[in-house]
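Below is one structure; the comments refer to it alone.
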Amino acid sequence: MQAPPPTEICARFVMMNINKLFITLSIILISLCSSAATASSQKVMQFPGESSQIASPNGRYVLVNVDSESEEHTLALGDNHELYLRDLRNGKEKKIYAYGRAVEALWSPTGNKLMINDYGGSNYANCIIFFFDIGRTSIDVQEQLWKKMRYNKSIFGNHHVYIVGKKWFSEKRVKIKIFGHGDVDPHGFTLWYQYLIGDSFKKL
């Protein structure tokens with residue numbers, strides 16, 4: 001059997017490498033798209049801010065911030081900002097949270113949960129996690145820390161303590177940063193935890 005000419009062998013070699021390159025580029029592109037989607041779902045929105053709303057990754061909900069400049073409203077309720085959840089599936093909208101100074105909002109990857117970091121004062125911040133896939137319920141992270149770690153002097157012995165949700169690892173696990181200063185830690189402290197929602201804290 002006669003061997004193929006060198007030019008044909010060369011062409012086959014080039015085509016094989018082009019196919020390999022195409023497959024490699026496709027894998028890289030898929031990876032980049034996946035990373036971009038994850039980054040989008042992890043976007044932190046600050047209220048009040050330039051934008052007054054942020055949509056959930058699943059496209060079902062929109063979190064809407066409403067600011068009130070009414071002095072009567074502020075004196076009566078103590079909070080002059082409110083967060084509303086708009087359900088695009090049925091058109092209903094309901095207030096889920098009120099705050100006085102500033103918050104950060106961070107949707108879970110599926111959009112069925114929401115973390116709110118409430119910077120309620122110059123000496124404290126707290127994280128609230130809302131659930132929308134099992135009815136409207138919420139978890140106060142500070143209360144959960146008290147139940148699990150009430151004897152932690154850094155968290156509960158300093159005058160300035162900030163509990164902030166930083167990232168969703170999954171729908172059930174989040175990354176929590178706790179930092180501050182005071183009598184116990186005059187030079188400051190920083191703690192990182194993985195929080196299994198409704199269950200336990202694992203130090204990072």
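All residue names refer to the structure tokens as shown: chains lettered A, B, ... in order, residues numbered from 1 in each chain, ligands numbered from 1 in order.
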With the cut-off set at 12 Å and counting only C-alpha atoms, tabulate each residue of segment 76-102 of chain A with an atom at most that distance from an atom of segment 130-143 of chain A, showing the nearest atom pair and its distance in Å to one decimal, ordered by chain and increasing number, as JSON lines.
```
{"residue": "A:Leu85", "atom": "CA", "partner": "A:Phe132", "partner_atom": "CA", "distance": 9.7}
{"residue": "A:Arg86", "atom": "CA", "partner": "A:Phe132", "partner_atom": "CA", "distance": 11.4}
{"residue": "A:Asp87", "atom": "CA", "partner": "A:Phe132", "partner_atom": "CA", "distance": 10.1}
{"residue": "A:Lys94", "atom": "CA", "partner": "A:Arg136", "partner_atom": "CA", "distance": 10.2}
{"residue": "A:Lys95", "atom": "CA", "partner": "A:Arg136", "partner_atom": "CA", "distance": 10.8}
{"residue": "A:Ile96", "atom": "CA", "partner": "A:Arg136", "partner_atom": "CA", "distance": 8.4}
{"residue": "A:Tyr97", "atom": "CA", "partner": "A:Phe130", "partner_atom": "CA", "distance": 9.9}
```
Given the selection you just returned, output its residues as a file containing N, CA and C atoms, formatted as a PDB file, in the first residue's frame.
```pdb
ATOM      1  N   LEU A  85     -39.517  43.651  48.189  1.00  0.00           N
ATOM      2  CA  LEU A  85     -39.302  42.528  47.285  1.00  0.00           C
ATOM      3  C   LEU A  85     -40.448  42.501  46.282  1.00  0.00           C
ATOM      4  N   ARG A  86     -40.097  42.644  45.011  1.00  0.00           N
ATOM      5  CA  ARG A  86     -41.094  42.599  43.933  1.00  0.00           C
ATOM      6  C   ARG A  86     -40.995  41.238  43.246  1.00  0.00           C
ATOM      7  N   ASP A  87     -42.095  40.509  43.256  1.00  0.00           N
ATOM      8  CA  ASP A  87     -42.162  39.197  42.613  1.00  0.00           C
ATOM      9  C   ASP A  87     -42.691  39.391  41.194  1.00  0.00           C
ATOM     10  N   LYS A  94     -43.790  43.506  48.472  1.00  0.00           N
ATOM     11  CA  LYS A  94     -43.970  43.617  49.922  1.00  0.00           C
ATOM     12  C   LYS A  94     -42.683  44.107  50.572  1.00  0.00           C
ATOM     13  N   LYS A  95     -42.840  44.840  51.661  1.00  0.00           N
ATOM     14  CA  LYS A  95     -41.676  45.342  52.392  1.00  0.00           C
ATOM     15  C   LYS A  95     -41.069  44.199  53.187  1.00  0.00           C
ATOM     16  N   ILE A  96     -39.751  44.040  53.091  1.00  0.00           N
ATOM     17  CA  ILE A  96     -39.096  42.977  53.851  1.00  0.00           C
ATOM     18  C   ILE A  96     -38.135  43.517  54.904  1.00  0.00           C
ATOM     19  N   TYR A  97     -37.723  44.798  54.774  1.00  0.00           N
ATOM     20  CA  TYR A  97     -36.754  45.301  55.739  1.00  0.00           C
ATOM     21  C   TYR A  97     -36.752  46.828  55.740  1.00  0.00           C
TER      22      TYR A  97
END
```
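Proximity to Phe201 of chain A at 10 Å, evaluated using only C-alpha atoms and with sequence-adjacent residues fewer than 3 positions away removed, yields A:Gln144, A:Leu145, A:Lys148, A:Met149, A:Arg173, A:Val174, A:Lys175, A:Ile176, A:Trp192, A:Tyr193, A:Gln194, A:Tyr195, A:Leu196, A:Ile197, A:Gly198, A:Leu204.
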I need the chosen residues saved as a PDB file, in the first residue's frame, with N, CA and C atoms.
```
ATOM      1  N   GLN A 144     -27.620  34.019  65.875  1.00  0.00           N
ATOM      2  CA  GLN A 144     -27.068  32.677  65.711  1.00  0.00           C
ATOM      3  C   GLN A 144     -25.680  32.569  66.353  1.00  0.00           C
ATOM      4  N   LEU A 145     -24.882  33.619  66.224  1.00  0.00           N
ATOM      5  CA  LEU A 145     -23.564  33.644  66.858  1.00  0.00           C
ATOM      6  C   LEU A 145     -23.690  33.605  68.380  1.00  0.00           C
ATOM      7  N   LYS A 148     -24.352  30.094  69.500  1.00  0.00           N
ATOM      8  CA  LYS A 148     -23.235  29.165  69.329  1.00  0.00           C
ATOM      9  C   LYS A 148     -21.954  29.615  70.036  1.00  0.00           C
ATOM     10  N   MET A 149     -21.752  30.947  70.151  1.00  0.00           N
ATOM     11  CA  MET A 149     -20.458  31.449  70.626  1.00  0.00           C
ATOM     12  C   MET A 149     -20.611  32.622  71.590  1.00  0.00           C
ATOM     13  N   ARG A 173     -24.391  27.670  52.364  1.00  0.00           N
ATOM     14  CA  ARG A 173     -23.186  28.103  53.078  1.00  0.00           C
ATOM     15  C   ARG A 173     -22.760  29.490  52.620  1.00  0.00           C
ATOM     16  N   VAL A 174     -22.392  30.335  53.604  1.00  0.00           N
ATOM     17  CA  VAL A 174     -21.944  31.688  53.297  1.00  0.00           C
ATOM     18  C   VAL A 174     -20.653  31.997  54.051  1.00  0.00           C
ATOM     19  N   LYS A 175     -19.947  32.988  53.550  1.00  0.00           N
ATOM     20  CA  LYS A 175     -18.709  33.441  54.183  1.00  0.00           C
ATOM     21  C   LYS A 175     -19.017  34.686  55.013  1.00  0.00           C
ATOM     22  N   ILE A 176     -18.659  34.632  56.284  1.00  0.00           N
ATOM     23  CA  ILE A 176     -18.953  35.721  57.211  1.00  0.00           C
ATOM     24  C   ILE A 176     -17.650  36.331  57.727  1.00  0.00           C
ATOM     25  N   TRP A 192     -12.923  35.121  60.382  1.00  0.00           N
ATOM     26  CA  TRP A 192     -13.638  34.650  59.193  1.00  0.00           C
ATOM     27  C   TRP A 192     -14.284  33.305  59.504  1.00  0.00           C
ATOM     28  N   TYR A 193     -15.550  33.161  59.101  1.00  0.00           N
ATOM     29  CA  TYR A 193     -16.263  31.903  59.334  1.00  0.00           C
ATOM     30  C   TYR A 193     -17.006  31.473  58.079  1.00  0.00           C
ATOM     31  N   GLN A 194     -17.118  30.170  57.928  1.00  0.00           N
ATOM     32  CA  GLN A 194     -18.081  29.605  56.985  1.00  0.00           C
ATOM     33  C   GLN A 194     -19.318  29.242  57.795  1.00  0.00           C
ATOM     34  N   TYR A 195     -20.454  29.813  57.411  1.00  0.00           N
ATOM     35  CA  TYR A 195     -21.679  29.592  58.172  1.00  0.00           C
ATOM     36  C   TYR A 195     -22.610  28.671  57.391  1.00  0.00           C
ATOM     37  N   LEU A 196     -22.885  27.505  57.956  1.00  0.00           N
ATOM     38  CA  LEU A 196     -23.898  26.615  57.408  1.00  0.00           C
ATOM     39  C   LEU A 196     -25.229  27.135  57.937  1.00  0.00           C
ATOM     40  N   ILE A 197     -26.011  27.724  57.069  1.00  0.00           N
ATOM     41  CA  ILE A 197     -27.180  28.507  57.475  1.00  0.00           C
ATOM     42  C   ILE A 197     -28.128  27.707  58.357  1.00  0.00           C
ATOM     43  N   GLY A 198     -28.396  28.289  59.519  1.00  0.00           N
ATOM     44  CA  GLY A 198     -29.283  27.671  60.478  1.00  0.00           C
ATOM     45  C   GLY A 198     -28.648  26.579  61.303  1.00  0.00           C
ATOM     46  N   LEU A 204     -12.470  29.882  59.436  1.00  0.00           N
ATOM     47  CA  LEU A 204     -11.650  29.811  58.230  1.00  0.00           C
ATOM     48  C   LEU A 204     -10.245  30.320  58.517  1.00  0.00           C
TER      49      LEU A 204
END
```
DSSP-assigned strand (DSSP E) among segment 45-147 of chain A, expressed as a VMD selection string: chain A and resid 45 to 47 53 to 55 61 to 67 81 to 87 93 to 99 102 to 107 113 to 121 124 to 131 137 to 140
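Here the question is which of A:Tyr151, A:Phe189, A:Trp146, A:Trp168 gets nearest to Ile129 of chain A using only C-alpha atoms, and that residue is A:Trp168.
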Pairwise distance for atom CA of Gly182 of chain A and atom CA of Ser122 of chain A, rounded to one decimal in Å: 13.0 Å
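Minimum atom-to-atom distances from A:Tyr124, A:Lys153, A:Lys166, A:Val64 to Lys43 of chain A were compared using only C-alpha atoms, and the lowest value belongs to A:Lys166.
For the residues A:Ser68, A:Arg60, A:Lys172, A:Ile163, ranking by smallest atom-to-atom distance to Gly91 of chain A using only C-alpha atoms places A:Arg60 first.
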Minimum-distance residue to Tyr119 of chain A, chosen among A:Gln46, A:Arg89, A:Thr190, A:Tyr84 (using only C-alpha atoms): A:Gln46
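We find atom CA of Phe169 of chain A and atom CA of Pro109 of chain A to be spaced 8.8 Å apart.
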Neighbouring residues of Ala125 of chain A were defined as those with any atom within 9 Å, considering only C-alpha atoms; residues of the same chain fewer than 2 positions away were excluded. Please report them as a CSV table (one decimal) with N, CA and C atoms, in the first residue's frame.
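See selection_15.csv below for the written result:
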```csv
chain,number,residue,atom,x,y,z
A,117,ASN,N,-26.5,43.2,54.7
A,117,ASN,CA,-25.6,43.7,55.7
A,117,ASN,C,-26.1,45.1,56.1
A,118,ASP,N,-26.6,45.2,57.4
A,118,ASP,CA,-27.1,46.5,57.9
A,118,ASP,C,-26.0,47.2,58.7
A,119,TYR,N,-25.5,48.3,58.1
A,119,TYR,CA,-24.6,49.1,58.9
A,119,TYR,C,-25.4,50.1,59.7
A,120,GLY,N,-25.9,49.6,60.8
A,120,GLY,CA,-26.9,50.4,61.5
A,120,GLY,C,-26.3,51.5,62.4
A,121,GLY,N,-25.0,51.5,62.7
A,121,GLY,CA,-24.4,52.5,63.5
A,121,GLY,C,-22.9,52.5,63.3
A,122,SER,N,-22.3,53.5,63.9
A,122,SER,CA,-20.8,53.7,63.7
A,122,SER,C,-20.1,52.6,64.4
A,123,ASN,N,-20.8,51.9,65.3
A,123,ASN,CA,-20.1,50.9,66.2
A,123,ASN,C,-20.6,49.4,65.9
A,127,CYS,N,-25.7,41.0,59.9
A,127,CYS,CA,-26.1,40.4,58.6
A,127,CYS,C,-27.4,39.6,58.9
A,160,HIS,N,-17.2,47.9,69.5
A,160,HIS,CA,-17.3,48.1,68.0
A,160,HIS,C,-17.2,46.7,67.3
A,161,VAL,N,-18.3,46.2,66.9
A,161,VAL,CA,-18.2,44.8,66.2
A,161,VAL,C,-19.1,44.9,65.0
A,162,TYR,N,-18.6,44.4,63.9
A,162,TYR,CA,-19.2,44.4,62.6
A,162,TYR,C,-19.3,43.0,62.0
A,163,ILE,N,-20.5,42.5,61.8
A,163,ILE,CA,-20.8,41.2,61.3
A,163,ILE,C,-21.3,41.3,59.9
A,164,VAL,N,-20.5,40.8,58.9
A,164,VAL,CA,-20.8,41.1,57.5
A,164,VAL,C,-20.8,39.8,56.7
```
